[in-house]
file data_3.cif (mmCIF, N, CA and C atoms and all ligand atoms)
data_my_file
#
loop_
_atom_site.label_atom_id
_atom_site.label_comp_id
_atom_site.auth_asym_id
_atom_site.auth_seq_id
_atom_site.Cartn_x
_atom_site.Cartn_y
_atom_site.Cartn_z
N MET A 1 103.96 162.77 126.89
CA MET A 1 104.60 161.78 127.76
C MET A 1 105.20 162.42 129.01
N GLU A 2 105.05 161.80 130.13
CA GLU A 2 105.55 162.32 131.40
C GLU A 2 107.06 162.52 131.39
N GLN A 3 107.74 161.63 130.68
CA GLN A 3 109.19 161.62 130.69
C GLN A 3 109.80 162.94 130.22
N VAL A 4 109.11 163.61 129.29
CA VAL A 4 109.62 164.86 128.71
C VAL A 4 109.86 165.88 129.81
N TYR A 5 108.97 165.91 130.78
CA TYR A 5 109.05 166.86 131.89
C TYR A 5 110.36 166.70 132.67
N PHE A 6 110.81 165.51 132.82
CA PHE A 6 112.01 165.24 133.63
C PHE A 6 113.30 165.20 132.81
N GLU A 7 113.18 165.43 131.55
CA GLU A 7 114.28 165.12 130.65
C GLU A 7 115.60 165.80 131.05
N LYS A 8 115.52 167.02 131.56
CA LYS A 8 116.74 167.78 131.85
C LYS A 8 117.57 167.15 132.97
N GLU A 9 116.90 166.46 133.89
CA GLU A 9 117.64 165.87 135.01
C GLU A 9 117.88 164.39 134.78
N TYR A 10 117.61 163.96 133.62
CA TYR A 10 117.61 162.53 133.36
C TYR A 10 118.85 162.13 132.57
N PHE A 11 119.69 161.36 133.18
CA PHE A 11 120.87 160.85 132.47
C PHE A 11 120.63 159.39 132.14
N MET A 12 121.04 159.05 130.95
CA MET A 12 120.82 157.68 130.55
C MET A 12 122.17 156.96 130.50
N PHE A 13 122.15 155.74 130.95
CA PHE A 13 123.35 154.92 130.92
C PHE A 13 123.09 153.65 130.14
N CYS A 14 124.10 153.21 129.46
CA CYS A 14 123.96 151.97 128.70
C CYS A 14 123.73 150.80 129.65
N SER A 15 122.73 149.99 129.36
CA SER A 15 122.44 148.84 130.23
C SER A 15 123.47 147.73 130.06
N ASN A 16 124.26 147.84 129.01
CA ASN A 16 125.26 146.80 128.75
C ASN A 16 126.63 147.15 129.32
N CYS A 17 127.16 148.35 128.95
CA CYS A 17 128.52 148.68 129.35
C CYS A 17 128.58 149.83 130.36
N GLY A 18 127.43 150.48 130.64
CA GLY A 18 127.40 151.52 131.66
C GLY A 18 127.84 152.90 131.20
N SER A 19 128.15 153.08 129.93
CA SER A 19 128.55 154.40 129.44
C SER A 19 127.39 155.39 129.58
N GLN A 20 127.74 156.64 129.91
CA GLN A 20 126.71 157.67 129.95
C GLN A 20 126.38 158.07 128.51
N LEU A 21 125.10 158.21 128.25
CA LEU A 21 124.65 158.48 126.88
C LEU A 21 123.81 159.75 126.87
N SER A 22 123.70 160.36 125.72
CA SER A 22 122.79 161.49 125.60
C SER A 22 121.36 160.97 125.60
N ASP A 23 120.45 161.84 126.03
CA ASP A 23 119.06 161.41 126.18
C ASP A 23 118.43 160.91 124.89
N GLU A 24 118.93 161.38 123.77
CA GLU A 24 118.26 161.04 122.50
C GLU A 24 118.89 159.84 121.82
N SER A 25 120.00 159.32 122.35
CA SER A 25 120.69 158.29 121.57
C SER A 25 119.87 157.00 121.48
N LEU A 26 119.92 156.40 120.34
CA LEU A 26 119.20 155.16 120.10
C LEU A 26 120.11 153.95 120.33
N PHE A 27 121.40 154.18 120.16
CA PHE A 27 122.36 153.11 120.38
C PHE A 27 123.48 153.63 121.27
N CYS A 28 124.09 152.77 122.04
CA CYS A 28 125.25 153.14 122.83
C CYS A 28 126.40 153.46 121.87
N SER A 29 127.07 154.61 122.12
CA SER A 29 128.16 154.99 121.23
C SER A 29 129.39 154.11 121.45
N LYS A 30 129.45 153.44 122.59
CA LYS A 30 130.61 152.60 122.89
C LYS A 30 130.44 151.16 122.43
N CYS A 31 129.34 150.55 122.82
CA CYS A 31 129.21 149.12 122.52
C CYS A 31 128.11 148.80 121.51
N GLY A 32 127.29 149.79 121.17
CA GLY A 32 126.30 149.57 120.12
C GLY A 32 124.98 148.95 120.57
N LYS A 33 124.84 148.74 121.86
CA LYS A 33 123.58 148.17 122.37
C LYS A 33 122.44 149.19 122.20
N PRO A 34 121.27 148.73 121.74
CA PRO A 34 120.13 149.64 121.63
C PRO A 34 119.74 150.19 123.00
N THR A 35 119.40 151.46 123.08
CA THR A 35 118.99 152.06 124.35
C THR A 35 117.49 151.93 124.52
N LYS A 36 117.00 152.38 125.69
CA LYS A 36 115.54 152.26 125.88
C LYS A 36 114.76 153.27 125.05
N ASN A 37 115.43 154.24 124.42
CA ASN A 37 114.74 155.07 123.43
C ASN A 37 114.37 154.25 122.21
N ASN A 38 115.13 153.22 122.02
CA ASN A 38 115.03 152.44 120.80
C ASN A 38 114.03 151.30 121.01
N ILE A 39 112.79 151.72 121.28
CA ILE A 39 111.78 150.77 121.73
C ILE A 39 111.54 149.68 120.69
N HIS A 40 111.50 150.08 119.46
CA HIS A 40 111.19 149.09 118.42
C HIS A 40 112.27 147.99 118.37
N THR A 41 113.51 148.42 118.39
CA THR A 41 114.62 147.46 118.33
C THR A 41 114.61 146.55 119.56
N LEU A 42 114.36 147.16 120.72
CA LEU A 42 114.35 146.36 121.94
C LEU A 42 113.26 145.30 121.88
N GLU A 43 112.07 145.71 121.45
CA GLU A 43 110.97 144.76 121.43
C GLU A 43 111.23 143.61 120.47
N SER A 44 111.89 143.92 119.39
CA SER A 44 112.04 142.85 118.41
C SER A 44 113.29 142.01 118.69
N THR A 45 114.10 142.40 119.66
CA THR A 45 115.29 141.59 119.91
C THR A 45 115.30 140.93 121.29
N THR A 46 114.43 141.40 122.20
CA THR A 46 114.42 140.79 123.52
C THR A 46 113.69 139.46 123.48
N LYS A 47 114.42 138.41 123.81
CA LYS A 47 113.81 137.08 123.80
C LYS A 47 113.94 136.46 125.17
N HIS A 48 113.00 135.61 125.47
CA HIS A 48 113.02 134.92 126.75
C HIS A 48 112.82 133.44 126.54
N LYS A 49 113.34 132.71 127.50
CA LYS A 49 113.23 131.26 127.43
C LYS A 49 111.92 130.83 128.10
N VAL A 50 111.16 130.05 127.37
CA VAL A 50 109.92 129.52 127.92
C VAL A 50 110.06 128.00 127.97
N THR A 51 110.02 127.48 129.17
CA THR A 51 110.13 126.04 129.35
C THR A 51 108.75 125.49 129.70
N ILE A 52 108.29 124.55 128.91
CA ILE A 52 107.01 123.92 129.21
C ILE A 52 107.31 122.51 129.70
N PHE A 53 106.93 122.26 130.92
CA PHE A 53 107.25 121.00 131.56
C PHE A 53 105.95 120.25 131.85
N ARG A 54 105.92 119.04 131.47
CA ARG A 54 104.74 118.24 131.78
C ARG A 54 105.06 117.29 132.91
N GLU A 55 104.34 117.50 133.99
CA GLU A 55 104.57 116.68 135.17
C GLU A 55 104.31 115.21 134.84
N SER A 56 105.16 114.36 135.35
CA SER A 56 105.02 112.93 135.12
C SER A 56 103.88 112.38 135.98
N GLN A 57 102.89 111.81 135.32
CA GLN A 57 101.75 111.27 136.05
C GLN A 57 101.38 109.92 135.47
N ILE A 58 100.93 109.06 136.33
CA ILE A 58 100.63 107.71 135.87
C ILE A 58 99.12 107.53 135.71
N TYR A 59 98.73 107.34 134.46
CA TYR A 59 97.34 107.05 134.15
C TYR A 59 97.29 105.91 133.16
N LEU A 60 96.15 105.30 133.09
CA LEU A 60 95.98 104.21 132.15
C LEU A 60 96.17 104.71 130.72
N VAL A 61 95.50 105.79 130.41
CA VAL A 61 95.61 106.39 129.08
C VAL A 61 96.27 107.76 129.25
N ASN A 62 97.41 107.93 128.62
CA ASN A 62 98.16 109.15 128.88
C ASN A 62 98.82 109.67 127.58
N PRO A 63 97.99 110.13 126.66
CA PRO A 63 98.54 110.58 125.37
C PRO A 63 99.31 111.89 125.51
N PRO A 64 100.05 112.29 124.48
CA PRO A 64 100.76 113.56 124.56
C PRO A 64 99.80 114.73 124.69
N VAL A 65 100.27 115.79 125.33
CA VAL A 65 99.51 117.04 125.37
C VAL A 65 99.97 117.89 124.19
N ASN A 66 99.02 118.37 123.41
CA ASN A 66 99.36 119.24 122.29
C ASN A 66 99.35 120.69 122.72
N ILE A 67 100.34 121.41 122.24
CA ILE A 67 100.48 122.82 122.62
C ILE A 67 100.41 123.65 121.35
N SER A 68 99.58 124.68 121.36
CA SER A 68 99.67 125.64 120.27
C SER A 68 99.84 127.02 120.87
N ILE A 69 100.64 127.84 120.20
CA ILE A 69 100.93 129.18 120.69
C ILE A 69 100.47 130.17 119.64
N ASN A 70 99.55 131.05 120.04
CA ASN A 70 98.92 131.98 119.08
C ASN A 70 98.41 131.24 117.85
N ASN A 71 97.81 130.10 118.11
CA ASN A 71 97.21 129.27 117.06
C ASN A 71 98.19 128.72 116.03
N LYS A 72 99.47 128.75 116.38
CA LYS A 72 100.44 128.11 115.48
C LYS A 72 101.56 127.50 116.32
N MET A 73 102.67 127.16 115.71
CA MET A 73 103.81 126.55 116.40
C MET A 73 103.38 125.34 117.21
N ASP A 74 102.76 124.41 116.57
CA ASP A 74 102.25 123.27 117.32
C ASP A 74 103.36 122.32 117.77
N ARG A 75 103.29 121.98 119.02
CA ARG A 75 104.22 121.02 119.61
C ARG A 75 103.42 120.01 120.39
N SER A 76 104.06 118.92 120.71
CA SER A 76 103.40 118.02 121.65
C SER A 76 104.41 117.59 122.69
N ILE A 77 103.90 117.23 123.81
CA ILE A 77 104.76 116.95 124.95
C ILE A 77 104.29 115.67 125.64
N GLU A 78 105.23 114.76 125.79
CA GLU A 78 104.90 113.47 126.39
C GLU A 78 104.88 113.58 127.92
N ASN A 79 104.29 112.59 128.52
CA ASN A 79 104.28 112.50 129.98
C ASN A 79 105.71 112.62 130.52
N GLY A 80 105.94 113.57 131.41
CA GLY A 80 107.26 113.77 132.00
C GLY A 80 108.24 114.51 131.10
N GLY A 81 107.82 114.90 129.92
CA GLY A 81 108.72 115.57 128.99
C GLY A 81 108.69 117.08 129.14
N SER A 82 109.59 117.73 128.40
CA SER A 82 109.56 119.19 128.42
C SER A 82 109.94 119.74 127.05
N VAL A 83 109.51 120.96 126.80
CA VAL A 83 109.79 121.65 125.55
C VAL A 83 110.38 123.01 125.91
N GLU A 84 111.46 123.37 125.24
CA GLU A 84 112.04 124.70 125.47
C GLU A 84 111.88 125.56 124.24
N LEU A 85 111.41 126.78 124.45
CA LEU A 85 111.18 127.70 123.35
C LEU A 85 111.87 129.02 123.64
N GLU A 86 112.24 129.71 122.57
CA GLU A 86 112.73 131.08 122.70
C GLU A 86 111.66 131.96 122.08
N LEU A 87 111.04 132.82 122.89
CA LEU A 87 109.99 133.67 122.36
C LEU A 87 110.34 135.14 122.55
N GLU A 88 109.95 135.93 121.58
CA GLU A 88 110.13 137.37 121.72
C GLU A 88 109.20 137.87 122.82
N GLU A 89 109.66 138.92 123.51
CA GLU A 89 108.87 139.47 124.58
C GLU A 89 107.48 139.87 124.08
N GLY A 90 106.46 139.55 124.85
CA GLY A 90 105.11 139.91 124.45
C GLY A 90 104.08 138.97 125.06
N ARG A 91 102.84 139.18 124.66
CA ARG A 91 101.76 138.32 125.19
C ARG A 91 101.46 137.21 124.21
N TYR A 92 101.26 136.04 124.76
CA TYR A 92 100.98 134.88 123.93
C TYR A 92 99.78 134.13 124.47
N LYS A 93 99.06 133.54 123.54
CA LYS A 93 97.98 132.65 123.93
C LYS A 93 98.48 131.21 123.79
N PHE A 94 98.58 130.53 124.91
CA PHE A 94 99.00 129.13 124.92
C PHE A 94 97.74 128.28 125.05
N GLU A 95 97.61 127.35 124.14
CA GLU A 95 96.50 126.43 124.25
C GLU A 95 97.03 125.01 124.40
N PHE A 96 96.58 124.36 125.46
CA PHE A 96 97.00 122.98 125.74
C PHE A 96 95.79 122.10 125.51
N SER A 97 95.98 121.02 124.80
CA SER A 97 94.84 120.13 124.59
C SER A 97 95.27 118.68 124.65
N MET A 98 94.37 117.89 125.14
CA MET A 98 94.57 116.45 125.18
C MET A 98 93.18 115.85 125.03
N SER A 99 93.00 115.08 123.98
CA SER A 99 91.69 114.59 123.54
C SER A 99 90.68 115.74 123.58
N PHE A 100 89.61 115.63 124.36
CA PHE A 100 88.60 116.69 124.32
C PHE A 100 88.85 117.79 125.36
N ARG A 101 89.89 117.63 126.17
CA ARG A 101 90.13 118.64 127.19
C ARG A 101 91.05 119.74 126.67
N LYS A 102 90.72 120.95 127.08
CA LYS A 102 91.49 122.09 126.61
C LYS A 102 91.73 123.05 127.74
N LYS A 103 92.88 123.72 127.66
CA LYS A 103 93.16 124.77 128.63
C LYS A 103 93.87 125.88 127.87
N THR A 104 93.30 127.07 127.93
CA THR A 104 93.92 128.21 127.25
C THR A 104 94.34 129.24 128.28
N ILE A 105 95.57 129.69 128.19
CA ILE A 105 96.02 130.74 129.11
C ILE A 105 96.73 131.84 128.33
N ASP A 106 96.61 133.05 128.85
CA ASP A 106 97.36 134.18 128.32
C ASP A 106 98.61 134.35 129.16
N VAL A 107 99.75 134.40 128.50
CA VAL A 107 100.99 134.53 129.25
C VAL A 107 101.73 135.75 128.75
N ASN A 108 102.14 136.59 129.69
CA ASN A 108 102.98 137.73 129.35
C ASN A 108 104.43 137.29 129.49
N VAL A 109 105.08 137.11 128.37
CA VAL A 109 106.47 136.66 128.39
C VAL A 109 107.37 137.90 128.52
N ASN A 110 107.70 138.24 129.76
CA ASN A 110 108.57 139.40 129.99
C ASN A 110 109.81 139.00 130.79
N LYS A 111 109.99 137.69 130.94
CA LYS A 111 111.17 137.13 131.61
C LYS A 111 111.21 135.65 131.25
N ASP A 112 112.21 134.95 131.69
CA ASP A 112 112.22 133.50 131.48
C ASP A 112 111.13 132.89 132.35
N ILE A 113 110.33 132.06 131.75
CA ILE A 113 109.23 131.48 132.54
C ILE A 113 109.15 129.97 132.35
N GLN A 114 108.51 129.35 133.29
CA GLN A 114 108.24 127.92 133.17
C GLN A 114 106.75 127.69 133.32
N LEU A 115 106.21 126.89 132.42
CA LEU A 115 104.82 126.48 132.50
C LEU A 115 104.81 125.00 132.87
N THR A 116 104.10 124.68 133.90
CA THR A 116 104.00 123.28 134.31
C THR A 116 102.59 122.78 134.03
N VAL A 117 102.52 121.74 133.24
CA VAL A 117 101.22 121.20 132.83
C VAL A 117 100.96 119.90 133.58
N LYS A 118 99.78 119.78 134.11
CA LYS A 118 99.44 118.52 134.77
C LYS A 118 97.93 118.33 134.80
N TRP A 119 97.54 117.14 135.13
CA TRP A 119 96.13 116.85 135.31
C TRP A 119 95.77 116.97 136.77
N ASN A 120 94.60 117.54 136.99
CA ASN A 120 94.06 117.49 138.34
C ASN A 120 93.42 116.12 138.52
N ARG A 121 93.93 115.36 139.46
CA ARG A 121 93.48 113.98 139.64
C ARG A 121 91.99 113.87 139.95
N PHE A 122 91.45 114.88 140.60
CA PHE A 122 90.07 114.77 141.05
C PHE A 122 89.08 115.28 140.03
N THR A 123 89.38 116.37 139.38
CA THR A 123 88.45 116.93 138.41
C THR A 123 88.75 116.46 136.99
N GLY A 124 89.96 115.95 136.77
CA GLY A 124 90.34 115.56 135.42
C GLY A 124 90.70 116.74 134.54
N ALA A 125 90.69 117.95 135.09
CA ALA A 125 90.97 119.13 134.29
C ALA A 125 92.47 119.29 134.07
N LEU A 126 92.80 119.92 132.97
CA LEU A 126 94.17 120.23 132.66
C LEU A 126 94.55 121.51 133.41
N VAL A 127 95.66 121.45 134.14
CA VAL A 127 96.07 122.59 134.97
C VAL A 127 97.42 123.09 134.49
N VAL A 128 97.58 124.39 134.38
CA VAL A 128 98.86 124.95 133.97
C VAL A 128 99.31 125.99 135.00
N ASP A 129 100.46 125.75 135.60
CA ASP A 129 101.04 126.71 136.55
C ASP A 129 102.11 127.52 135.84
N VAL A 130 102.09 128.82 136.07
CA VAL A 130 103.09 129.71 135.49
C VAL A 130 104.04 130.15 136.60
N SER A 131 105.35 129.96 136.38
CA SER A 131 106.29 130.44 137.41
C SER A 131 107.52 131.02 136.75
ZN ZN B 201 127.27 150.37 125.89
#

call {"tool": "encode", "arguments": {"input": "data_3.cif", "output": "structure tokens"}}
result
Amino acid sequence: MEQVYFEKEYFMFCSNCGSQLSDESLFCSKCGKPTKNNIHTLESTTKHKVTIFRESQIYLVNPPVNISINNKMDRSIENGGSVELELEEGRYKFEFSMSFRKKTIDVNVNKDIQLTVKWNRFTGALVVDVS
């Protein structure tokens, strides 16, 4: 790893309380927050808010959009509705479906994100914007 080369000049500080820590510490000695050495703990505890918003659109037939995440956690969302989820940091496959139409996107959840679902009026395709 490249980091080893720089280790001698590298001081680590707690991201929570700012205490200076030794390079090898896994937890802050002052407040107990896991350090970036503690990759496993960080990955399993970092969560982000994912808001899925369905744009309100007027159509004759407008059933709920079904959402599945990594082929599970099925939800549905009504016209103009929204769903809020807390997901652990990582990559997810979101699949949106409504009758025979489907849209699958890969989303890297590394911050709070919003997915906006809507129909393209001209093509009839399901569109998902990530912001
Ligand atoms: Zn600390």

call {"tool": "residues_near_ligand", "arguments": {"input": "data_3.cif", "ligand": "ligand ZN 201 (chain B)", "cutoff": "6 Å", "atoms": "only C-alpha atoms and all ligand atoms", "output": "PyMOL selection string"}}
result
chain A and resi 14+16-19+28+30-33

call {"tool": "closest_residue", "arguments": {"input": "data_3.cif", "among": "A:Asn66, A:Asn108, A:Met98, A:Ile58", "to": "Arg121 in chain A", "atoms": "only C-alpha atoms"}}
result
A:Ile58

call {"tool": "residues_around", "arguments": {"input": "data_3.cif", "residues": "Glu95 in chain A", "least_positions_apart": "3", "cutoff": "6 Å", "atoms": "only N, CA and C atoms", "output": "ChimeraX atom specification"}}
result
/A:66-70,103-105

call {"tool": "atom_distance", "arguments": {"input": "data_3.cif", "atom1": "atom C of Gly124 in chain A", "atom2": "atom N of Glu86 in chain A"}}
result
27.8 Å

call {"tool": "residues_around", "arguments": {"input": "data_3.cif", "residues": "Val130 in chain A", "least_positions_apart": "4", "cutoff": "8 Å", "atoms": "only C-alpha atoms", "output": "list in words"}}
result
Ile113, Gln114, Leu115 and Thr116 of chain A

call {"tool": "residues_around", "arguments": {"input": "data_3.cif", "residues": "Ser82 in chain A", "least_positions_apart": "5", "cutoff": "8 Å", "atoms": "all atoms listed in the file", "output": "short mmCIF file (atom, residue, chain, number, x, y, z; two decimals) with N, CA and C atoms, in the coordinates of the input"}}
result
data_model
loop_
_atom_site.label_atom_id
_atom_site.label_comp_id
_atom_site.auth_asym_id
_atom_site.auth_seq_id
_atom_site.Cartn_x
_atom_site.Cartn_y
_atom_site.Cartn_z
N THR A 51 110.02 127.48 129.17
CA THR A 51 110.13 126.04 129.35
C THR A 51 108.75 125.49 129.70
N ILE A 52 108.29 124.55 128.91
CA ILE A 52 107.01 123.92 129.21
C ILE A 52 107.31 122.51 129.70
N PHE A 53 106.93 122.26 130.92
CA PHE A 53 107.25 121.00 131.56
C PHE A 53 105.95 120.25 131.85
N ARG A 54 105.92 119.04 131.47
CA ARG A 54 104.74 118.24 131.78
C ARG A 54 105.06 117.29 132.91
N GLU A 55 104.34 117.50 133.99
CA GLU A 55 104.57 116.68 135.17
C GLU A 55 104.31 115.21 134.84
N SER A 76 104.06 118.92 120.71
CA SER A 76 103.40 118.02 121.65
C SER A 76 104.41 117.59 122.69
N ILE A 77 103.90 117.23 123.81
CA ILE A 77 104.76 116.95 124.95
C ILE A 77 104.29 115.67 125.64
#

call {"tool": "atom_distance", "arguments": {"input": "data_3.cif", "atom1": "atom C of Arg91 in chain A", "atom2": "CA of Asn37 in chain A"}}
result
22.3 Å

call {"tool": "select_by_dssp", "arguments": {"input": "data_3.cif", "residues": "chain A", "states": "strand (DSSP E)", "output": "ChimeraX atom specification"}}
result
/A:12-13,20-21,47-54,65-69,72-77,82-88,90-98,101-109,113-119,126-130

call {"tool": "closest_residue", "arguments": {"input": "data_3.cif", "among": "A:Lys111, A:Asp106, A:Phe100, A:Lys49", "to": "Leu126 in chain A", "atoms": "only C-alpha atoms"}}
result
A:Phe100

call {"tool": "atom_distance", "arguments": {"input": "data_3.cif", "atom1": "atom N of Lys47 in chain A", "atom2": "atom N of Asn110 in chain A"}}
result
9.0 Å

call {"tool": "axis_aligned_box", "arguments": {"input": "data_3.cif", "around": "range 54-68 of chain A", "padding_each_side": "8 Å", "output": "lines of an AutoDock Vina configuration file"}}
result
center_x = 100.7
center_y = 115.6
center_z = 128.3
size_x = 26.4
size_y = 38.8
size_z = 32.1

call {"tool": "closest_residue", "arguments": {"input": "data_3.cif", "among": "A:Pro63, A:Ser99, A:Val117, A:Thr46", "to": "Leu87 in chain A", "atoms": "only C-alpha atoms"}}
result
A:Thr46

call {"tool": "closest_residue", "arguments": {"input": "data_3.cif", "among": "A:Phe13, A:Phe27, A:Trp119, A:Tyr92", "to": "Tyr59 in chain A", "atoms": "only C-alpha atoms"}}
result
A:Trp119
